[in-house]
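See below for run_20.txt, which holds compact mmCIF, C-alpha atoms.
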# COMPACT_ATOMS: atom_id res chain seq x y z
CA MET I 1 115.55 101.30 101.33
CA LYS I 2 118.71 102.52 99.62
CA THR I 3 121.07 104.26 101.98
CA GLY I 4 124.41 104.14 100.19
CA ASN I 5 127.00 101.93 98.61
CA VAL I 6 130.12 100.31 100.01
CA PRO I 7 133.10 99.60 97.72
CA LEU I 8 134.00 95.89 97.80
CA PHE I 9 136.48 95.16 95.04
CA GLU I 10 138.26 96.88 92.19
CA CYS I 11 140.42 95.59 89.34
CA GLU I 12 141.51 96.93 85.97
CA ASP I 13 138.14 96.44 84.28
CA PHE I 14 135.51 96.40 87.03
CA PHE I 15 134.47 97.69 90.40
CA ILE I 16 132.02 96.10 92.76
CA GLU I 17 129.85 97.73 95.40
CA TYR I 18 127.62 96.44 98.17
CA GLU I 19 124.32 98.29 98.16
CA THR I 20 123.33 99.03 101.71
CA GLY I 21 119.72 97.98 102.13
CA GLU I 22 117.39 95.30 103.40
CA ILE I 23 118.68 92.38 101.32
CA PRO I 24 122.11 91.30 100.04
CA TRP I 25 122.53 93.33 96.84
CA VAL I 26 125.76 93.73 94.93
CA LYS I 27 126.45 95.92 91.91
CA LEU I 28 129.18 95.11 89.42
CA PHE I 29 130.28 97.92 87.08
CA SER I 30 132.44 97.97 83.98
CA LYS I 31 134.85 100.85 84.50
CA ALA I 32 135.06 101.75 80.80
CA GLY I 33 131.40 102.76 80.80
CA GLU I 34 130.25 100.84 77.73
CA LYS I 35 126.52 101.27 77.14
CA GLU I 36 125.52 97.70 76.28
CA LEU I 37 126.88 94.31 77.36
CA SER I 38 127.46 93.24 73.76
CA GLU I 39 129.91 96.15 73.34
CA LEU I 40 132.37 94.64 75.83
CA GLU I 41 135.40 92.88 74.42
CA PRO I 42 134.54 89.12 74.68
CA GLY I 43 137.17 88.22 77.28
CA LYS I 44 136.11 91.12 79.46
CA ARG I 45 132.43 90.21 79.12
CA ASN I 46 133.22 86.61 80.07
CA ARG I 47 135.04 87.84 83.17
CA LEU I 48 132.09 90.09 84.04
CA PHE I 49 129.64 87.16 83.82
CA ALA I 50 132.10 84.91 85.70
CA ALA I 51 132.37 87.50 88.48
CA ALA I 52 128.55 87.66 88.67
CA MET I 53 128.48 83.86 89.02
CA GLU I 54 131.03 84.05 91.87
CA ILE I 55 128.86 86.67 93.58
CA GLU I 56 125.84 84.38 93.11
CA ARG I 57 127.72 81.38 94.55
CA ILE I 58 128.81 83.33 97.62
CA MET I 59 125.27 84.58 98.17
CA LEU I 60 123.83 81.05 97.87
CA LYS I 61 126.34 79.78 100.42
CA LEU I 62 126.21 82.68 102.84
CA TYR I 63 122.52 83.66 102.86
CA ASN I 64 120.57 80.58 101.74
CA PRO I 65 118.16 82.72 99.69
CA ALA I 66 114.96 81.57 97.99
CA LYS I 67 116.32 82.80 94.65
CA ILE I 68 119.10 84.85 93.11
CA ASN I 69 118.01 87.72 90.89
CA ILE I 70 120.35 89.28 88.31
CA ALA I 71 119.59 92.33 86.20
CA SER I 72 121.25 94.65 83.70
CA PHE I 73 119.11 97.76 83.11
CA GLY I 74 120.91 101.11 82.98
CA ASN I 75 117.96 103.13 81.68
CA TYR I 76 118.83 106.04 83.98
CA HIS I 77 122.59 105.71 83.59
CA PRO I 78 123.40 103.84 80.38
CA LYS I 79 126.70 102.34 81.51
CA VAL I 80 127.08 98.57 81.83
CA HIS I 81 126.46 97.29 85.35
CA LEU I 82 124.89 94.14 86.79
CA HIS I 83 122.75 93.86 89.90
CA VAL I 84 123.02 90.58 91.83
CA MET I 85 120.45 90.19 94.60
CA ALA I 86 119.67 87.46 97.14
CA ARG I 87 115.89 87.21 97.51
CA PHE I 88 113.84 85.80 100.38
CA GLU I 89 110.19 84.84 100.61
CA ASP I 90 109.65 87.39 103.37
CA ASP I 91 111.56 90.30 101.82
CA SER I 92 109.69 93.50 100.99
CA PHE I 93 109.10 92.71 97.31
CA PHE I 94 109.15 88.91 96.92
CA PRO I 95 108.06 87.35 94.57
CA GLU I 96 108.11 90.61 92.61
CA PRO I 97 111.46 91.98 91.39
CA MET I 98 113.07 94.60 93.64
CA TRP I 99 111.78 97.24 91.21
CA GLY I 100 108.20 95.96 91.45
CA GLN I 101 105.34 96.62 93.82
CA LYS I 102 106.14 96.39 97.52
CA GLN I 103 104.44 93.36 99.09
CA ARG I 104 105.11 93.80 102.81
CA GLU I 105 107.45 95.35 105.36
CA GLY I 106 110.54 93.17 105.15
CA LYS I 107 113.10 93.02 107.91
CA GLN I 108 116.77 93.98 107.64
CA ARG I 109 118.86 90.90 106.86
CA ASP I 110 122.24 90.28 108.41
CA LEU I 111 124.32 91.15 105.36
CA GLN I 112 127.56 89.71 106.80
CA LYS I 113 129.42 92.27 104.74
CA GLU I 114 132.86 91.50 106.10
CA MET I 115 132.54 87.79 105.40
CA PHE I 116 131.06 88.52 101.97
CA GLU I 117 133.95 90.84 101.12
CA HIS I 118 136.48 88.29 102.35
CA LEU I 119 135.00 85.49 100.22
CA LEU I 120 134.60 87.77 97.21
CA ARG I 121 138.23 88.85 97.29
CA LEU I 122 139.39 85.25 97.55
CA ARG I 123 137.28 84.10 94.62
CA LEU I 124 137.81 87.08 92.36
CA HIS I 125 141.53 87.08 92.95
CA LYS I 126 141.55 83.47 91.76
CA LEU I 127 139.26 84.29 88.82
CA PHE I 128 141.15 87.33 87.61
CA THR I 129 144.62 85.88 87.98
CA ALA I 130 143.60 82.66 86.18
CA HIS I 131 142.83 84.61 82.97
CA MET J 1 100.41 93.97 78.35
CA LYS J 2 101.21 90.27 78.17
CA THR J 3 99.08 88.44 75.68
CA GLY J 4 101.02 85.28 74.91
CA ASN J 5 104.30 83.84 73.79
CA VAL J 6 105.51 82.77 70.37
CA PRO J 7 108.14 80.01 70.04
CA LEU J 8 111.19 81.27 68.13
CA PHE J 9 113.97 78.73 68.45
CA GLU J 10 114.76 75.44 70.11
CA CYS J 11 117.93 73.42 70.47
CA GLU J 12 119.14 70.66 72.79
CA ASP J 13 119.65 72.93 75.79
CA PHE J 14 117.42 75.96 75.31
CA PHE J 15 114.23 77.31 73.91
CA ILE J 16 113.47 80.89 73.03
CA GLU J 17 110.12 82.66 72.95
CA TYR J 18 108.95 86.05 71.76
CA GLU J 19 106.70 87.64 74.34
CA THR J 20 103.80 89.31 72.60
CA GLY J 21 103.46 92.80 74.00
CA GLU J 22 104.23 96.44 73.46
CA ILE J 23 108.01 96.22 73.18
CA PRO J 24 110.45 93.68 71.73
CA TRP J 25 110.84 91.16 74.56
CA VAL J 26 112.45 87.76 74.23
CA LYS J 27 112.69 84.98 76.82
CA LEU J 28 115.45 82.40 76.77
CA PHE J 29 114.88 79.24 78.85
CA SER J 30 117.20 76.44 79.88
CA LYS J 31 115.27 73.25 79.13
CA ALA J 32 116.78 71.30 82.04
CA GLY J 33 115.06 73.61 84.52
CA GLU J 34 118.05 74.40 86.74
CA LYS J 35 117.12 76.84 89.49
CA GLU J 36 120.13 79.16 89.42
CA LEU J 37 122.46 80.27 86.61
CA SER J 38 125.52 79.08 88.54
CA GLU J 39 124.15 75.51 88.45
CA LEU J 40 124.48 75.29 84.67
CA GLU J 41 127.43 73.38 83.33
CA PRO J 42 129.97 76.08 82.29
CA GLY J 43 129.84 75.44 78.55
CA LYS J 44 126.06 75.53 78.59
CA ARG J 45 126.03 78.73 80.66
CA ASN J 46 128.47 80.34 78.22
CA ARG J 47 126.18 79.42 75.33
CA LEU J 48 123.18 80.84 77.21
CA PHE J 49 124.98 84.17 77.73
CA ALA J 50 126.24 84.12 74.13
CA ALA J 51 122.69 83.56 72.89
CA ALA J 52 121.50 86.50 75.01
CA MET J 53 124.21 88.65 73.40
CA GLU J 54 123.04 87.60 69.94
CA ILE J 55 119.48 88.54 70.88
CA GLU J 56 120.77 91.90 72.15
CA ARG J 57 122.74 92.52 68.93
CA ILE J 58 119.73 91.76 66.75
CA MET J 59 117.53 94.05 68.86
CA LEU J 60 120.08 96.89 68.64
CA LYS J 61 120.22 96.53 64.87
CA LEU J 62 116.53 95.98 64.21
CA TYR J 63 114.84 98.34 66.69
CA ASN J 64 117.39 101.06 67.54
CA PRO J 65 116.30 101.06 71.21
CA ALA J 66 117.38 103.54 73.89
CA LYS J 67 118.72 100.65 75.97
CA ILE J 68 118.71 96.87 76.21
CA ASN J 69 117.50 95.41 79.52
CA ILE J 70 118.37 91.87 80.60
CA ALA J 71 117.05 90.12 83.68
CA SER J 72 117.12 86.73 85.39
CA PHE J 73 114.52 86.55 88.17
CA GLY J 74 112.44 83.36 88.44
CA ASN J 75 110.89 84.13 91.81
CA TYR J 76 107.52 82.77 90.69
CA HIS J 77 108.94 79.89 88.66
CA PRO J 78 112.47 79.08 89.86
CA LYS J 79 113.81 77.71 86.58
CA VAL J 80 116.63 79.50 84.77
CA HIS J 81 115.43 81.91 82.10
CA LEU J 82 116.63 85.28 80.83
CA HIS J 83 114.52 88.20 79.70
CA VAL J 84 116.00 90.39 76.95
CA MET J 85 114.05 93.57 76.28
CA ALA J 86 114.50 96.52 73.90
CA ARG J 87 113.52 99.70 75.73
CA PHE J 88 112.46 103.05 74.32
CA GLU J 89 112.14 106.47 75.91
CA ASP J 90 108.42 106.56 75.14
CA ASP J 91 107.56 103.00 76.21
CA SER J 92 105.07 102.49 79.04
CA PHE J 93 107.68 102.03 81.79
CA PHE J 94 110.86 103.84 80.68
CA PRO J 95 113.15 104.63 82.48
CA GLU J 96 111.78 102.20 85.07
CA PRO J 97 112.28 98.45 84.49
CA MET J 98 109.34 96.66 82.84
CA TRP J 99 108.39 95.42 86.33
CA GLY J 100 108.35 98.94 87.78
CA GLN J 101 105.75 101.66 87.94
CA LYS J 102 103.97 102.50 84.70
CA GLN J 103 104.98 105.94 83.44
CA ARG J 104 102.65 106.53 80.50
CA GLU J 105 100.56 104.84 77.82
CA GLY J 106 103.16 103.50 75.40
CA LYS J 107 102.31 102.59 71.83
CA GLN J 108 102.63 99.17 70.24
CA ARG J 109 106.00 98.84 68.49
CA ASP J 110 106.43 97.12 65.17
CA LEU J 111 108.05 93.96 66.51
CA GLN J 112 109.16 92.69 63.08
CA LYS J 113 108.82 89.19 64.42
CA GLU J 114 109.50 87.40 61.15
CA MET J 115 112.70 89.35 60.51
CA PHE J 116 113.74 88.87 64.15
CA GLU J 117 113.18 85.13 63.92
CA HIS J 118 115.08 84.93 60.64
CA LEU J 119 118.11 86.78 62.05
CA LEU J 120 117.97 84.82 65.30
CA ARG J 121 118.02 81.46 63.53
CA LEU J 122 120.95 82.54 61.37
CA ARG J 123 122.99 83.73 64.33
CA LEU J 124 122.13 80.94 66.75
CA HIS J 125 122.75 78.26 64.15
CA LYS J 126 126.22 79.72 63.73
CA LEU J 127 126.70 80.00 67.49
CA PHE J 128 125.52 76.52 68.37
CA THR J 129 127.30 74.72 65.56
CA ALA J 130 130.58 76.52 66.31
CA HIS J 131 130.74 74.99 69.78
Can you dump the structure from the file as C-alpha cells?
Amino acid sequence: MKTGNVPLFECEDFFIEYETGEIPWVKLFSKAGEKELSELEPGKRNRLFAAAMEIERIMLKLYNPAKINIASFGNYHPKVHLHVMARFEDDSFFPEPMWGQKQREGKQRDLQKEMFEHLLRLRLHKLFTAH
Amino acid sequence: MKTGNVPLFECEDFFIEYETGEIPWVKLFSKAGEKELSELEPGKRNRLFAAAMEIERIMLKLYNPAKINIASFGNYHPKVHLHVMARFEDDSFFPEPMWGQKQREGKQRDLQKEMFEHLLRLRLHKLFTAH
C-alpha cells in the first residue's frame, strides 16, 4: 500500500508529506524531533493541532469521507508526527484503523494531490502568518 | 484484552474513562457527540487537546512508558473521542499500534488507577477552572 511520500509544505517548525497510497493520508512532522507531544512548546503544539485541523477540513471538503482518523504513535521512530487520514466505508481497512486487519481489496482513490496542496498552502499560510 | 471501562472524570463538555486492560489506556469523550474534531467550538477543542496532554503527562510520570500513543478514530461510533495509551516495549502489540498485529503475550501492568485518578482530577480541575 505504501509507495512513498510527497513533500507538501514546510515552515520553521513543521513539514508535511502526502503518503502515496490508496486513501488520502497526510503526515505532519515536528522538525525538532521531540519525542512526545507534551514536550512541544505550547504555541508550537497549538499550531501543530491547528494545522491538523486544517488538513482535516480540507479532507472533509475535498473527499467527502465517512470519517477522519488522526493518530500520533511513533513507536518505531519516536519523533512527534501526526497522521491524518480520510476513511471510506469501502477502503481496505474500514471500519478498522489503517493499522488493523485488512477487510477487503479497496480501490485507489483520486487523491487530487495538486488541489489538496493548493488548499493546504492557502490555509497554512494564513494560519502561520496569523500567529 | 478489553474487559470494561471505569469512569474517571466528568465535566460540562467531556467525560473520561479508564479502559480496563493490559496497559494504561484512557478514553476522552466529547459529551455533545460531534462527529469530527474540527466541528468542536475552538475553545472546547483546545480544552480537549489540553486534557489529552495532561493525561499524557501523568502517564509519562506514573508509568515511565516507551512511548505515548494518541488516536482519534471513531469509525464504528462516529462521535469525537481520543484514546491516550502508555506503550511499553514488552506490551502485547509494541511497536505496532494497539489495533495492529499482536506481537507477544504481554503482562498485565500495574495501572495504579487510584493514583492516576487522583492526579487527573487535580490537573483537570486546574485546567478547567483556569479557562
Record the distance separating CA of Lys79 (chain I) and CA of Thr20 (chain J), expressed in Å with one decimal.
-> 27.8 Å
Check which residues of region 39-85 of chain J sit at most 8 Å from region 32-43 of chain I using all atoms listed in the file, and return one row each with the closest pair of atoms and their distance in Å to one decimal, ordered by chain and rising number, as CSV.
residue,atom,partner,partner_atom,distance
J:Met53,CA,I:Ser38,CA,5.6
J:Glu56,CA,I:Ser38,CA,7.0
J:Arg57,CA,I:Ser38,CA,6.8
J:Lys67,CA,I:Glu36,CA,7.4
J:Ile68,CA,I:Glu36,CA,6.9
Give the answer as one residue: which of J:Ile70, J:Ile58, J:Cys11, J:Leu127 has the shortest atom-to-atom distance to chain I, using all atoms listed in the file?
-> J:Ile70
Compute the set of chain I residues within 10 Å of chain J, using all atoms listed in the file, and express it as JSON, numbers by chain.
-> {"I": [35, 36, 37, 38, 39, 42, 45, 46, 49, 50, 52, 53, 54, 55, 56, 57, 60, 66, 67, 68, 69, 70, 71, 72, 73, 74, 75, 76, 77, 78, 79, 82, 83, 84, 85, 87, 88, 89, 94, 95, 96, 97, 98, 99, 100, 101]}
Could you check how far CA of Gly106 (chain J) sits from CA of Leu28 (chain J), in Å to one decimal?
-> 24.5 Å
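Distance-wise, CA of Gln112 (chain I) and CA of Val80 (chain J) end up 26.6 Å apart.
When all atoms listed in the file are used to compute distances to Glu117 (chain I), the closest of the residues I:Met59, I:Asp90, I:Arg47, I:Pro65 turns out to be I:Met59.
The nearest approach to Lys31 (chain J) among the residues J:Ile16, J:Ala51, J:Met115, J:Val6, with all atoms listed in the file taken into account, belongs to J:Ile16.
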Which residues, written as a PDB file with C-alpha atoms, keeping the file's coordinate frame, have at least one atom at most 9 Å from Gln108 (chain J), with all atoms listed in the file counted and residues fewer than 4 positions away on the same chain left out?
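Dumped everything to selection.pdb:
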ATOM      1  CA  GLY J  21     103.460  92.800  74.000  1.00  0.00           C
ATOM      2  CA  GLU J  22     104.230  96.440  73.460  1.00  0.00           C
ATOM      3  CA  ILE J  23     108.010  96.220  73.180  1.00  0.00           C
ATOM      4  CA  ASP J  91     107.560 103.000  76.210  1.00  0.00           C
TER       5      ASP J  91
END
